[in-house]
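Asker: This is the content of input_30.tsv (TSV, C-alpha atoms):
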```tsv
chain	number	residue	atom	x	y	z
A	1	MET	CA	-28.29	-3.76	36.96
A	2	SER	CA	-30.38	-6.95	36.96
A	3	ASP	CA	-32.13	-5.88	33.74
A	4	LEU	CA	-28.87	-5.83	31.78
A	5	SER	CA	-28.41	-8.57	29.21
A	6	LEU	CA	-25.20	-9.74	27.53
A	7	ARG	CA	-25.22	-10.73	23.86
A	8	ILE	CA	-22.39	-12.13	21.74
A	9	GLU	CA	-23.19	-11.18	18.15
A	10	LYS	CA	-21.58	-11.17	14.75
A	11	VAL	CA	-21.39	-7.50	13.83
A	12	ASP	CA	-23.61	-6.60	10.87
A	13	ALA	CA	-25.21	-3.50	9.38
A	14	SER	CA	-27.91	-3.41	12.06
A	15	HIS	CA	-25.29	-2.72	14.74
A	16	ILE	CA	-23.79	0.36	13.08
A	17	PRO	CA	-26.50	2.85	14.23
A	18	LEU	CA	-26.28	1.36	17.75
A	19	TYR	CA	-22.50	1.81	17.73
A	20	GLU	CA	-22.83	5.40	16.53
A	21	ASP	CA	-25.29	6.25	19.30
A	22	LEU	CA	-23.18	4.59	22.00
A	23	SER	CA	-19.97	6.30	20.82
A	24	ARG	CA	-21.64	9.73	20.81
A	25	SER	CA	-22.63	9.25	24.44
A	26	VAL	CA	-18.91	9.18	25.30
A	27	TYR	CA	-17.05	11.07	22.56
A	28	SER	CA	-17.68	14.25	20.62
A	29	GLU	CA	-16.17	14.07	17.14
A	30	THR	CA	-14.07	10.96	16.56
A	31	ALA	CA	-14.00	8.34	13.84
A	32	VAL	CA	-15.91	5.81	15.98
A	33	CYS	CA	-18.88	8.18	15.99
A	34	ARG	CA	-19.32	7.92	12.22
A	35	ALA	CA	-21.10	5.19	10.31
A	36	ASP	CA	-18.70	5.11	7.35
A	37	HIS	CA	-15.72	4.47	9.61
A	38	LEU	CA	-17.56	1.83	11.64
A	39	ARG	CA	-18.68	0.02	8.48
A	40	TRP	CA	-15.12	0.00	7.14
A	41	LYS	CA	-13.69	-1.14	10.45
A	42	PHE	CA	-16.12	-3.92	11.30
A	43	LEU	CA	-17.96	-4.94	8.12
A	44	ASP	CA	-15.40	-4.63	5.31
A	45	ASN	CA	-12.43	-6.47	6.83
A	46	PRO	CA	-11.48	-9.19	4.30
A	47	GLN	CA	-10.02	-11.38	7.06
A	48	GLY	CA	-13.44	-12.26	8.40
A	49	PRO	CA	-16.36	-11.06	10.52
A	50	SER	CA	-16.00	-9.07	13.72
A	51	TRP	CA	-17.74	-10.29	16.85
A	52	GLY	CA	-19.26	-7.86	19.34
A	53	VAL	CA	-19.67	-8.36	23.06
A	54	HIS	CA	-22.75	-6.22	23.71
A	55	LEU	CA	-24.38	-5.17	26.96
A	56	PHE	CA	-28.02	-4.11	26.58
A	57	ALA	CA	-30.55	-2.45	28.84
A	58	GLY	CA	-33.71	-3.46	27.02
A	59	ASP	CA	-33.09	-2.38	23.41
A	60	LEU	CA	-30.47	0.22	24.38
A	61	LEU	CA	-26.84	-0.71	23.80
A	62	VAL	CA	-25.03	0.50	26.92
A	63	GLY	CA	-21.61	-1.13	26.56
A	64	ARG	CA	-19.49	-2.96	24.02
A	65	PHE	CA	-16.15	-4.21	22.93
A	66	VAL	CA	-15.38	-5.84	19.61
A	67	ALA	CA	-13.10	-8.67	18.50
A	68	GLN	CA	-11.64	-7.74	15.11
A	69	PRO	CA	-10.23	-10.71	13.16
A	70	ARG	CA	-6.55	-10.79	12.32
A	71	ILE	CA	-5.01	-13.75	10.51
A	72	PHE	CA	-1.45	-14.70	11.46
A	73	GLU	CA	0.79	-17.09	9.56
A	74	ALA	CA	2.69	-19.65	11.61
A	75	PRO	CA	5.20	-21.96	9.87
A	76	ASP	CA	2.66	-24.73	9.26
A	77	ARG	CA	-0.78	-23.18	9.72
A	78	LEU	CA	-2.93	-20.07	9.70
A	79	MET	CA	-4.13	-18.77	13.06
A	80	ARG	CA	-7.17	-16.57	13.61
A	81	ALA	CA	-6.62	-13.90	16.24
A	82	ALA	CA	-9.18	-11.75	18.05
A	83	TYR	CA	-7.85	-8.21	18.30
A	84	ILE	CA	-9.87	-6.47	21.03
A	85	VAL	CA	-10.94	-2.89	20.31
A	86	ASP	CA	-13.48	-0.22	21.23
A	87	LEU	CA	-14.32	-0.78	24.87
A	88	VAL	CA	-17.12	1.76	25.38
A	89	MET	CA	-19.65	2.15	28.23
A	90	ARG	CA	-22.39	4.77	28.58
A	91	PRO	CA	-21.46	7.11	31.45
A	92	GLU	CA	-24.72	6.55	33.35
A	93	PHE	CA	-24.18	2.77	33.33
A	94	ARG	CA	-20.56	2.74	34.43
A	95	GLY	CA	-19.80	0.71	37.49
A	96	MET	CA	-18.05	-2.42	38.63
A	97	SER	CA	-21.06	-4.68	38.16
A	98	ALA	CA	-21.74	-3.65	34.54
A	99	LEU	CA	-18.04	-3.74	33.65
A	100	LEU	CA	-17.60	-7.24	35.06
A	101	ARG	CA	-20.65	-8.44	33.20
A	102	LEU	CA	-19.34	-7.03	29.93
A	103	MET	CA	-15.82	-8.41	30.44
A	104	ASN	CA	-17.20	-11.87	31.25
A	105	GLY	CA	-18.35	-12.02	27.65
A	106	MET	CA	-14.75	-12.56	26.56
A	107	ARG	CA	-15.01	-16.29	27.25
A	108	ASN	CA	-17.80	-16.62	24.67
A	109	LEU	CA	-15.42	-15.60	21.87
A	110	HIS	CA	-13.22	-18.67	22.26
A	111	GLU	CA	-15.07	-20.71	19.65
A	112	PHE	CA	-14.37	-18.17	16.90
A	113	PHE	CA	-10.64	-17.53	17.39
A	114	ASP	CA	-7.38	-19.31	18.20
A	115	PHE	CA	-5.88	-16.58	20.35
A	116	VAL	CA	-6.54	-13.06	21.61
A	117	PHE	CA	-4.31	-9.99	21.63
A	118	VAL	CA	-4.72	-6.33	22.45
A	119	THR	CA	-2.60	-3.17	22.59
A	120	PRO	CA	-4.64	-1.00	24.98
A	121	SER	CA	-4.51	2.72	25.50
A	122	ALA	CA	-3.34	4.10	28.84
A	123	SER	CA	-6.97	4.27	30.04
A	124	GLY	CA	-7.67	0.72	28.90
A	125	MET	CA	-4.56	-0.80	30.47
A	126	PRO	CA	-6.07	-1.29	33.98
A	127	VAL	CA	-9.13	-3.05	32.50
A	128	ILE	CA	-6.96	-5.50	30.56
A	129	GLU	CA	-4.71	-6.17	33.53
A	130	SER	CA	-7.42	-6.44	36.17
A	131	PHE	CA	-10.46	-7.91	34.41
A	132	LEU	CA	-9.39	-9.77	31.28
A	133	ARG	CA	-6.22	-11.12	32.87
A	134	ILE	CA	-4.46	-11.53	29.54
A	135	PRO	CA	-0.67	-11.88	30.07
A	136	ALA	CA	1.55	-8.97	29.08
A	137	ARG	CA	4.12	-10.23	26.55
A	138	PHE	CA	6.29	-7.24	25.61
A	139	ASP	CA	6.17	-3.50	24.95
A	140	LEU	CA	6.24	-2.17	21.42
A	141	THR	CA	9.46	-0.28	20.78
A	142	ALA	CA	9.57	3.37	19.71
A	143	LYS	CA	12.39	4.48	17.44
A	144	VAL	CA	12.67	7.88	15.81
A	145	VAL	CA	14.63	10.10	13.50
A	146	PRO	CA	14.19	13.75	14.59
A	147	LEU	CA	13.54	15.67	11.37
A	148	ARG	CA	13.17	19.15	12.91
A	149	PRO	CA	15.79	19.08	15.68
A	150	VAL	CA	15.23	22.73	16.49
A	151	LYS	CA	11.55	22.24	17.29
A	152	VAL	CA	12.52	19.68	19.91
A	153	ALA	CA	15.59	21.43	21.22
A	154	SER	CA	14.15	24.96	21.33
A	155	GLN	CA	12.02	24.19	24.37
A	156	PHE	CA	15.23	23.74	26.33
A	157	PHE	CA	16.91	26.96	25.16
A	158	ARG	CA	16.22	30.63	25.61
A	159	ARG	CA	14.34	32.42	22.86
A	160	ARG	CA	17.37	34.52	21.85
A	161	ASN	CA	19.27	31.34	20.92
A	162	ARG	CA	16.59	30.01	18.59
A	163	PRO	CA	17.79	31.85	15.42
A	164	LEU	CA	21.15	30.14	15.84
A	165	LEU	CA	19.45	26.80	16.33
A	166	SER	CA	17.64	27.21	13.01
A	167	LEU	CA	20.99	26.64	11.32
A	168	VAL	CA	20.87	23.11	12.72
A	169	ASP	CA	17.69	22.40	10.77
A	170	VAL	CA	19.25	23.70	7.56
A	171	GLY	CA	22.31	21.54	8.09
A	172	PHE	CA	20.25	18.48	8.95
A	173	ARG	CA	18.06	18.92	5.87
A	174	SER	CA	21.12	19.11	3.64
A	175	ALA	CA	22.67	16.05	5.30
A	176	ALA	CA	19.44	14.05	4.92
A	177	LEU	CA	19.13	14.82	1.23
A	178	ALA	CA	22.79	13.97	0.72
A	179	GLY	CA	22.38	10.73	2.66
A	180	PHE	CA	19.50	9.65	0.44
A	181	ALA	CA	21.37	10.60	-2.74
A	182	ILE	CA	24.36	8.50	-1.67
A	183	ALA	CA	22.22	5.53	-0.58
A	184	GLU	CA	20.31	5.60	-3.86
A	185	ALA	CA	23.46	5.95	-5.95
A	186	VAL	CA	25.32	3.00	-4.41
A	187	GLY	CA	22.28	0.71	-4.24
A	188	SER	CA	19.96	-0.82	-6.82
A	189	LEU	CA	16.71	-0.23	-4.96
A	190	LYS	CA	14.17	2.22	-6.36
A	191	ILE	CA	11.17	3.71	-4.57
A	192	ASP	CA	7.89	3.63	-6.50
A	193	GLU	CA	4.76	5.37	-5.20
A	194	SER	CA	2.39	3.94	-7.82
A	195	TRP	CA	0.18	1.02	-6.77
A	196	PRO	CA	1.20	-2.20	-8.59
A	197	PRO	CA	-1.19	-4.22	-10.76
A	198	ALA	CA	-3.24	-6.63	-8.64
A	199	ALA	CA	-1.69	-9.78	-10.12
A	200	GLU	CA	1.87	-8.54	-9.55
A	201	LEU	CA	1.11	-7.46	-5.98
A	202	GLU	CA	-0.56	-10.78	-5.10
A	203	ALA	CA	2.32	-12.81	-6.55
A	204	PHE	CA	4.85	-10.78	-4.58
A	205	LEU	CA	2.94	-11.10	-1.31
A	206	LEU	CA	2.88	-14.89	-1.69
A	207	THR	CA	6.68	-14.97	-1.80
A	208	GLY	CA	7.51	-12.28	0.76
A	209	SER	CA	9.55	-12.93	3.90
A	210	ARG	CA	7.78	-14.79	6.68
A	211	GLY	CA	10.66	-16.04	8.77
A	212	HIS	CA	8.64	-15.43	11.93
A	213	VAL	CA	4.99	-15.63	12.94
A	214	ALA	CA	3.47	-12.60	11.23
A	215	GLY	CA	0.18	-11.08	10.20
A	216	GLN	CA	-1.07	-12.32	6.86
A	217	ARG	CA	-0.57	-9.91	3.97
A	218	ASP	CA	-2.49	-10.21	0.74
A	219	SER	CA	-3.77	-7.67	-1.76
A	220	ALA	CA	-7.27	-7.63	-0.24
A	221	PHE	CA	-5.88	-6.82	3.23
A	222	LEU	CA	-3.59	-4.08	1.90
A	223	ASP	CA	-6.40	-2.52	-0.11
A	224	TRP	CA	-8.76	-2.54	2.91
A	225	ARG	CA	-6.19	-1.45	5.47
A	226	PHE	CA	-4.45	1.28	3.48
A	227	ARG	CA	-6.78	2.47	0.70
A	228	GLN	CA	-10.39	2.04	1.81
A	229	SER	CA	-10.39	3.84	5.17
A	230	PRO	CA	-12.72	6.87	4.99
A	231	ASP	CA	-10.74	8.73	7.67
A	232	PHE	CA	-7.09	7.71	7.73
A	233	LYS	CA	-4.80	8.45	4.81
A	234	TYR	CA	-1.76	6.28	4.19
A	235	GLN	CA	1.15	6.49	1.79
A	236	LEU	CA	2.63	3.28	0.41
A	237	PHE	CA	6.13	3.13	-1.03
A	238	PHE	CA	6.79	0.08	-3.18
A	239	LEU	CA	10.37	-1.12	-3.47
A	240	ARG	CA	11.68	-2.32	-6.79
A	241	ARG	CA	14.96	-3.78	-7.97
A	242	ARG	CA	15.50	-3.90	-11.72
A	243	GLY	CA	11.76	-3.48	-12.10
A	244	GLN	CA	10.84	-6.37	-9.79
A	245	LEU	CA	8.61	-5.69	-6.81
A	246	VAL	CA	10.60	-6.69	-3.72
A	247	GLY	CA	8.95	-4.88	-0.80
A	248	TYR	CA	6.78	-2.08	0.51
A	249	VAL	CA	6.60	0.37	3.41
A	250	ALA	CA	3.37	2.03	4.58
A	251	THR	CA	3.34	5.38	6.43
A	252	ARG	CA	0.81	7.73	7.95
A	253	ARG	CA	1.19	11.24	9.30
A	254	ALA	CA	-0.43	11.95	12.66
A	255	VAL	CA	-0.09	14.28	15.64
A	256	TYR	CA	1.64	12.46	18.50
A	257	ASN	CA	2.22	14.10	21.88
A	258	GLY	CA	2.07	17.56	20.33
A	259	TYR	CA	4.41	16.80	17.44
A	260	PHE	CA	3.70	16.12	13.78
A	261	ALA	CA	4.99	12.59	13.21
A	262	CYS	CA	5.25	10.32	10.20
A	263	PHE	CA	4.68	6.77	11.44
A	264	ILE	CA	5.95	3.71	9.65
A	265	ILE	CA	2.81	1.57	9.88
A	266	ASP	CA	4.00	-1.55	8.08
A	267	ALA	CA	6.99	-3.03	6.27
A	268	PHE	CA	7.20	-6.18	4.17
A	269	GLY	CA	9.80	-7.54	1.77
A	270	LEU	CA	11.61	-10.44	0.18
A	271	GLU	CA	14.26	-12.26	2.18
A	272	SER	CA	16.81	-11.11	-0.41
A	273	LEU	CA	16.57	-7.52	0.84
A	274	LYS	CA	19.74	-6.56	2.68
A	275	ALA	CA	20.37	-4.17	5.56
A	276	SER	CA	21.69	-1.64	3.02
A	277	ASP	CA	18.40	-1.84	1.10
A	278	TRP	CA	16.36	-1.02	4.19
A	279	LYS	CA	18.74	1.85	4.95
A	280	THR	CA	18.02	3.22	1.48
A	281	VAL	CA	14.31	3.07	2.32
A	282	ALA	CA	14.89	4.90	5.61
A	283	TRP	CA	16.84	7.68	3.89
A	284	ALA	CA	14.17	7.97	1.18
A	285	LEU	CA	11.49	8.54	3.84
A	286	ILE	CA	13.71	11.01	5.70
A	287	ALA	CA	14.40	12.96	2.50
A	288	ARG	CA	10.67	13.14	1.80
A	289	GLU	CA	9.77	14.39	5.27
A	290	VAL	CA	12.54	17.01	5.68
A	291	SER	CA	11.01	18.95	2.80
A	292	PRO	CA	8.74	21.90	3.70
A	293	GLY	CA	5.45	20.67	5.15
A	294	GLY	CA	6.97	17.40	6.33
A	295	ALA	CA	6.86	15.84	9.76
A	296	ASP	CA	8.87	16.65	12.90
A	297	PHE	CA	9.71	12.97	13.42
A	298	LEU	CA	9.95	9.82	11.38
A	299	MET	CA	8.82	7.18	13.87
A	300	ILE	CA	8.56	3.41	14.18
A	301	LEU	CA	6.26	1.97	16.84
A	302	GLY	CA	6.13	-1.80	16.76
A	303	ASN	CA	8.11	-4.92	17.48
A	304	THR	CA	11.57	-4.05	16.19
A	305	ALA	CA	13.15	-7.29	17.45
A	306	CYS	CA	12.32	-9.35	14.34
A	307	GLY	CA	11.12	-9.12	10.76
A	308	PRO	CA	11.45	-6.20	8.33
A	309	LEU	CA	10.93	-3.63	11.11
A	310	ALA	CA	14.10	-4.95	12.77
A	311	ALA	CA	16.08	-4.33	9.59
A	312	LEU	CA	14.49	-0.92	9.02
A	313	ALA	CA	14.86	0.32	12.61
A	314	ARG	CA	18.65	0.54	12.56
A	315	SER	CA	20.74	3.68	12.14
A	316	PRO	CA	19.80	6.51	11.64
A	317	PHE	CA	16.86	5.60	13.92
A	318	ILE	CA	17.45	5.99	17.64
A	319	SER	CA	15.56	4.33	20.49
A	320	VAL	CA	13.26	6.50	22.59
A	321	PRO	CA	13.68	5.84	26.34
A	322	LYS	CA	10.37	4.78	27.88
A	323	ARG	CA	10.41	7.70	30.31
A	324	PHE	CA	10.01	10.10	27.35
A	325	LEU	CA	7.01	8.32	25.84
A	326	PRO	CA	3.50	9.61	26.63
A	327	GLN	CA	2.45	6.02	27.38
A	328	ARG	CA	3.63	2.43	27.18
A	329	THR	CA	2.21	0.38	24.35
A	330	THR	CA	2.12	-3.16	25.71
A	331	LEU	CA	1.08	-6.23	23.75
A	332	PHE	CA	-1.14	-8.56	25.76
A	333	ALA	CA	-1.82	-11.99	24.23
A	334	ASP	CA	-3.00	-15.46	25.19
A	335	TRP	CA	-4.16	-18.72	23.63
A	336	TRP	CA	-7.73	-19.92	23.47
A	337	ASP	CA	-7.04	-23.42	22.20
A	338	GLY	CA	-4.80	-26.12	23.61
A	339	ALA	CA	-2.30	-26.42	20.74
A	340	ARG	CA	-0.12	-23.38	21.49
A	341	PRO	CA	1.99	-23.82	18.33
A	342	PHE	CA	4.22	-20.81	19.09
A	343	ASP	CA	5.15	-18.41	21.87
A	344	PHE	CA	4.30	-14.73	21.92
A	345	ALA	CA	8.00	-13.94	22.10
A	346	GLU	CA	9.50	-10.62	21.08
A	347	ASN	CA	12.11	-12.30	18.87
A	348	SER	CA	9.60	-14.43	16.92
A	349	PHE	CA	6.16	-12.73	16.89
A	350	GLN	CA	6.04	-9.90	14.35
A	351	VAL	CA	3.68	-7.04	15.14
A	352	THR	CA	3.37	-3.78	13.24
A	353	LEU	CA	0.79	-1.03	13.57
A	354	ALA	CA	-0.97	-2.55	10.55
A	355	ASP	CA	-1.90	-5.51	12.76
A	356	CYS	CA	-3.36	-3.16	15.37
A	357	ASP	CA	-6.00	-0.44	15.50
A	358	MET	CA	-3.64	2.46	16.10
A	359	PHE	CA	-2.74	5.50	13.99
```
Would you kindly transcribe this structure into structure tokens?
Answerer:
Amino acid sequence: MSDLSLRIEKVDASHIPLYEDLSRSVYSETAVCRADHLRWKFLDNPQGPSWGVHLFAGDLLVGRFVAQPRIFEAPDRLMRAAYIVDLVMRPEFRGMSALLRLMNGMRNLHEFFDFVFVTPSASGMPVIESFLRIPARFDLTAKVVPLRPVKVASQFFRRRNRPLLSLVDVGFRSAALAGFAIAEAVGSLKIDESWPPAAELEAFLLTGSRGHVAGQRDSAFLDWRFRQSPDFKYQLFFLRRRGQLVGYVATRRAVYNGYFACFIIDAFGLESLKASDWKTVAWALIAREVSPGGADFLMILGNTACGPLAALARSPFISVPKRFLPQRTTLFADWWDGARPFDFAENSFQVTLADCDMF
């Protein structure tokens, strides 16, 4: 391993073919094996350049991880975060020595970012805990609305009872549609699926709720995150009251633990939005997904202790006990400068899936 060299490099177009080749040595067909996805992920981010920690054997890239920039807004300043993604090592080079050498490159990122955070997969959790030694702050919370109760319940019942259980789905669908109709009738909030004009969207995002430390939202970030991805398709629902743009919710459908789930990826709104308004939004999403071809679950995975997700994740959402989740999703975070202007506390640090590299 003495011929291995570590390089800390700003990711540019020359790295994309190297990333493709390295990813294909580990994966078969995933997004990280394709140039268009890699360019979108690492070159097009409007919040700044990504920095790669690269392990080379000669000219061959044998290992990498990447620090994606994420800008967070604290009460009196902007903070640049390094979100760590894509830890990949060629199988023939795997070993403790090479892994330690790659992980030691983390310290060289300090000059580019204020703090680091990561939400690792189950396989990446031991690396974060053992090698990077970034403190675990809290687990992201999972909350769901079962939209096809029979699909979940039928695995616990005998086949002859399943026709009877189908009546539950019919009843639930009717109740969901009625719930949305009532919520829409008594409230003034309207759901608009058309993308707003750029000037209107930018003006709204400048005045949206930021009562806690939260990821920066502007029109460039929303366009990149939710409209430019070559692989992942998102649906944005814009919230209006008397024609005024007052919020949005972003969703994406994905297979999760064998079920077809609709994830709430992000939520953002004015401080004037009430709990009843967010309930209207929840019922609107439920009514959309209970239709034929919809998801089995409507699901929130994020920090539901503060911010718009906290308001949205109330009834009819229910908490999923950790023992039923396929894996924990823990947020690890730590400071790289001495100021430490805020704590990574569950009740003050907003994190949605839009701030992460998941779903």
Asker: Record the distance separating atom CA of Ala57 of chain A and atom CA of Leu4 of chain A, expressed in Å with one decimal.
Answerer: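 Between atom CA of Ala57 of chain A and atom CA of Leu4 of chain A the gap is 4.8 Å.
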Asker: Taking 5 positions as the minimum chain separation for residues in the same chain, which residues sit within 10 Å of Phe297 of chain A when counting all atoms listed in the file? Answer as a ChimeraX atom specification.
Answerer: /A:143-149,152,253,256,259-263,286,289-290
Asker: Please report as JSON lines every residue of segment 300-324 of chain A lying within 12 Å of segment 132-141 of chain A, along with the nearest atom pair and their distance in Å (one decimal), using only C-alpha atoms.
Answerer:
```
{"residue": "A:Ile300", "atom": "CA", "partner": "A:Thr141", "partner_atom": "CA", "distance": 7.6}
{"residue": "A:Leu301", "atom": "CA", "partner": "A:Thr141", "partner_atom": "CA", "distance": 5.6}
{"residue": "A:Gly302", "atom": "CA", "partner": "A:Leu140", "partner_atom": "CA", "distance": 4.7}
{"residue": "A:Asn303", "atom": "CA", "partner": "A:Leu140", "partner_atom": "CA", "distance": 5.2}
{"residue": "A:Thr304", "atom": "CA", "partner": "A:Thr141", "partner_atom": "CA", "distance": 6.3}
{"residue": "A:Ala305", "atom": "CA", "partner": "A:Thr141", "partner_atom": "CA", "distance": 8.6}
{"residue": "A:Cys306", "atom": "CA", "partner": "A:Thr141", "partner_atom": "CA", "distance": 11.5}
{"residue": "A:Leu309", "atom": "CA", "partner": "A:Thr141", "partner_atom": "CA", "distance": 10.3}
{"residue": "A:Ala310", "atom": "CA", "partner": "A:Thr141", "partner_atom": "CA", "distance": 10.4}
{"residue": "A:Ala313", "atom": "CA", "partner": "A:Thr141", "partner_atom": "CA", "distance": 9.8}
{"residue": "A:Phe317", "atom": "CA", "partner": "A:Thr141", "partner_atom": "CA", "distance": 11.7}
{"residue": "A:Ile318", "atom": "CA", "partner": "A:Thr141", "partner_atom": "CA", "distance": 10.6}
{"residue": "A:Ser319", "atom": "CA", "partner": "A:Thr141", "partner_atom": "CA", "distance": 7.7}
{"residue": "A:Val320", "atom": "CA", "partner": "A:Thr141", "partner_atom": "CA", "distance": 8.0}
{"residue": "A:Pro321", "atom": "CA", "partner": "A:Thr141", "partner_atom": "CA", "distance": 9.3}
{"residue": "A:Lys322", "atom": "CA", "partner": "A:Thr141", "partner_atom": "CA", "distance": 8.8}
```
Asker: Pick the closest to Leu285 of chain A from A:Ile191, A:Leu205, A:Ala13, A:Ala311: which is it, counting only C-alpha atoms?
Answerer: A:Ile191
Asker: Counting all atoms listed in the file, which residues of segment 48-70 of chain A fall within 7 Å of segment 82-95 of chain A, and what is the closest atom pair for each with its distance in Å at one decimal, ordered by chain and rising number, as CSV?
Answerer:
```
residue,atom,partner,partner_atom,distance
A:Val62,CA,A:Arg90,CA,5.3
A:Gly63,CA,A:Met89,CA,4.2
A:Arg64,CA,A:Val88,CA,5.5
A:Phe65,CA,A:Leu87,CA,4.3
A:Val66,CA,A:Val85,CA,5.4
A:Ala67,CA,A:Ile84,CA,4.7
A:Gln68,CA,A:Tyr83,CA,5.0
A:Pro69,CA,A:Ala82,CA,5.1
A:Arg70,CA,A:Ala82,CA,6.4
```
Asker: Mind pulling up the distance from atom CA of Glu20 of chain A to atom CA of Ala35 of chain A?
Answerer: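 Rounded to one decimal, the two atoms are 6.5 Å apart.
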Asker: Report, in Å to a single decimal, how far apart atom CA of Cys33 of chain A and atom CA of Asp12 of chain A are.
Answerer: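 A separation of 16.3 Å between them.
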Asker: Given only C-alpha atoms as the basis, pick out the residue of A:Val255, A:Gly307, A:Lys274, A:Gly48 nearest to Ala220 of chain A.
Answerer: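 Nearest candidate to Ala220 of chain A out of A:Val255, A:Gly307, A:Lys274, A:Gly48: A:Gly48.
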Asker: Could you tell me which of A:Tyr27, A:Tyr248, A:Phe72, A:Phe115 comes closest to Gln350 of chain A if we count only C-alpha atoms?
Answerer: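 That would be A:Phe72, the residue with the smallest distance to Gln350 of chain A.
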Asker: Contacts of Phe221 of chain A at 8 Å or less, counting only C-alpha atoms, minus same-chain residues fewer than 4 places along, as a compact mmCIF listing (two decimals) with C-alpha atoms, in the frame of the given file?
Answerer:
```txt
# COMPACT_ATOMS: atom_id res chain seq x y z
CA ASN A 45 -12.43 -6.47 6.83
CA PRO A 46 -11.48 -9.19 4.30
CA GLN A 47 -10.02 -11.38 7.06
CA ARG A 217 -0.57 -9.91 3.97
CA ARG A 225 -6.19 -1.45 5.47
```
Asker: Identify which of the residues A:Val11, A:Glu111, A:Leu78, A:Asp3 lies closest to Ser97 of chain A, counting all atoms listed in the file when measuring atom-to-atom distances.
Answerer: A:Asp3
Asker: Would you list the contacts of Ala74 of chain A as a list in words, taking every protein, DNA or RNA residue within 9 Å and counting all atoms listed in the file, but skipping same-chain residues closer than 6 positions in sequence?
Answerer: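 The residues that qualify are Arg210, His212, Val213, Ala214, Pro341 and Phe342 of chain A.
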Asker: Got a minute to add N, CA and C atoms to segment 65-78 of chain A and dump it as a short mmCIF file (atom, residue, chain, number, x, y, z; two decimals), in the frame of the given file?
Answerer:
```
data_model
loop_
_atom_site.label_atom_id
_atom_site.label_comp_id
_atom_site.auth_asym_id
_atom_site.auth_seq_id
_atom_site.Cartn_x
_atom_site.Cartn_y
_atom_site.Cartn_z
N PHE A 65 -17.47 -4.15 23.54
CA PHE A 65 -16.15 -4.21 22.93
C PHE A 65 -16.24 -5.18 21.78
N VAL A 66 -15.28 -5.10 20.87
CA VAL A 66 -15.38 -5.84 19.61
C VAL A 66 -14.09 -6.62 19.39
N ALA A 67 -14.24 -7.85 18.90
CA ALA A 67 -13.10 -8.67 18.50
C ALA A 67 -12.97 -8.57 16.98
N GLN A 68 -11.95 -7.84 16.53
CA GLN A 68 -11.64 -7.74 15.11
C GLN A 68 -10.79 -8.94 14.71
N PRO A 69 -11.07 -9.58 13.57
CA PRO A 69 -10.23 -10.71 13.16
C PRO A 69 -8.90 -10.26 12.57
N ARG A 70 -7.86 -10.96 12.93
CA ARG A 70 -6.55 -10.79 12.32
C ARG A 70 -5.98 -12.19 12.07
N ILE A 71 -5.58 -12.45 10.85
CA ILE A 71 -5.01 -13.75 10.51
C ILE A 71 -3.49 -13.67 10.60
N PHE A 72 -2.90 -14.61 11.34
CA PHE A 72 -1.45 -14.70 11.46
C PHE A 72 -0.97 -16.00 10.83
N GLU A 73 0.21 -15.93 10.21
CA GLU A 73 0.79 -17.09 9.56
C GLU A 73 1.89 -17.67 10.43
N ALA A 74 1.66 -18.87 10.93
CA ALA A 74 2.69 -19.65 11.61
C ALA A 74 3.36 -20.53 10.55
N PRO A 75 4.48 -21.17 10.88
CA PRO A 75 5.20 -21.96 9.87
C PRO A 75 4.35 -23.01 9.17
N ASP A 76 3.40 -23.62 9.86
CA ASP A 76 2.66 -24.73 9.26
C ASP A 76 1.14 -24.55 9.29
N ARG A 77 0.67 -23.36 9.64
CA ARG A 77 -0.78 -23.18 9.72
C ARG A 77 -1.12 -21.71 9.80
N LEU A 78 -2.39 -21.41 9.50
CA LEU A 78 -2.93 -20.07 9.70
C LEU A 78 -3.65 -20.04 11.03
#
```
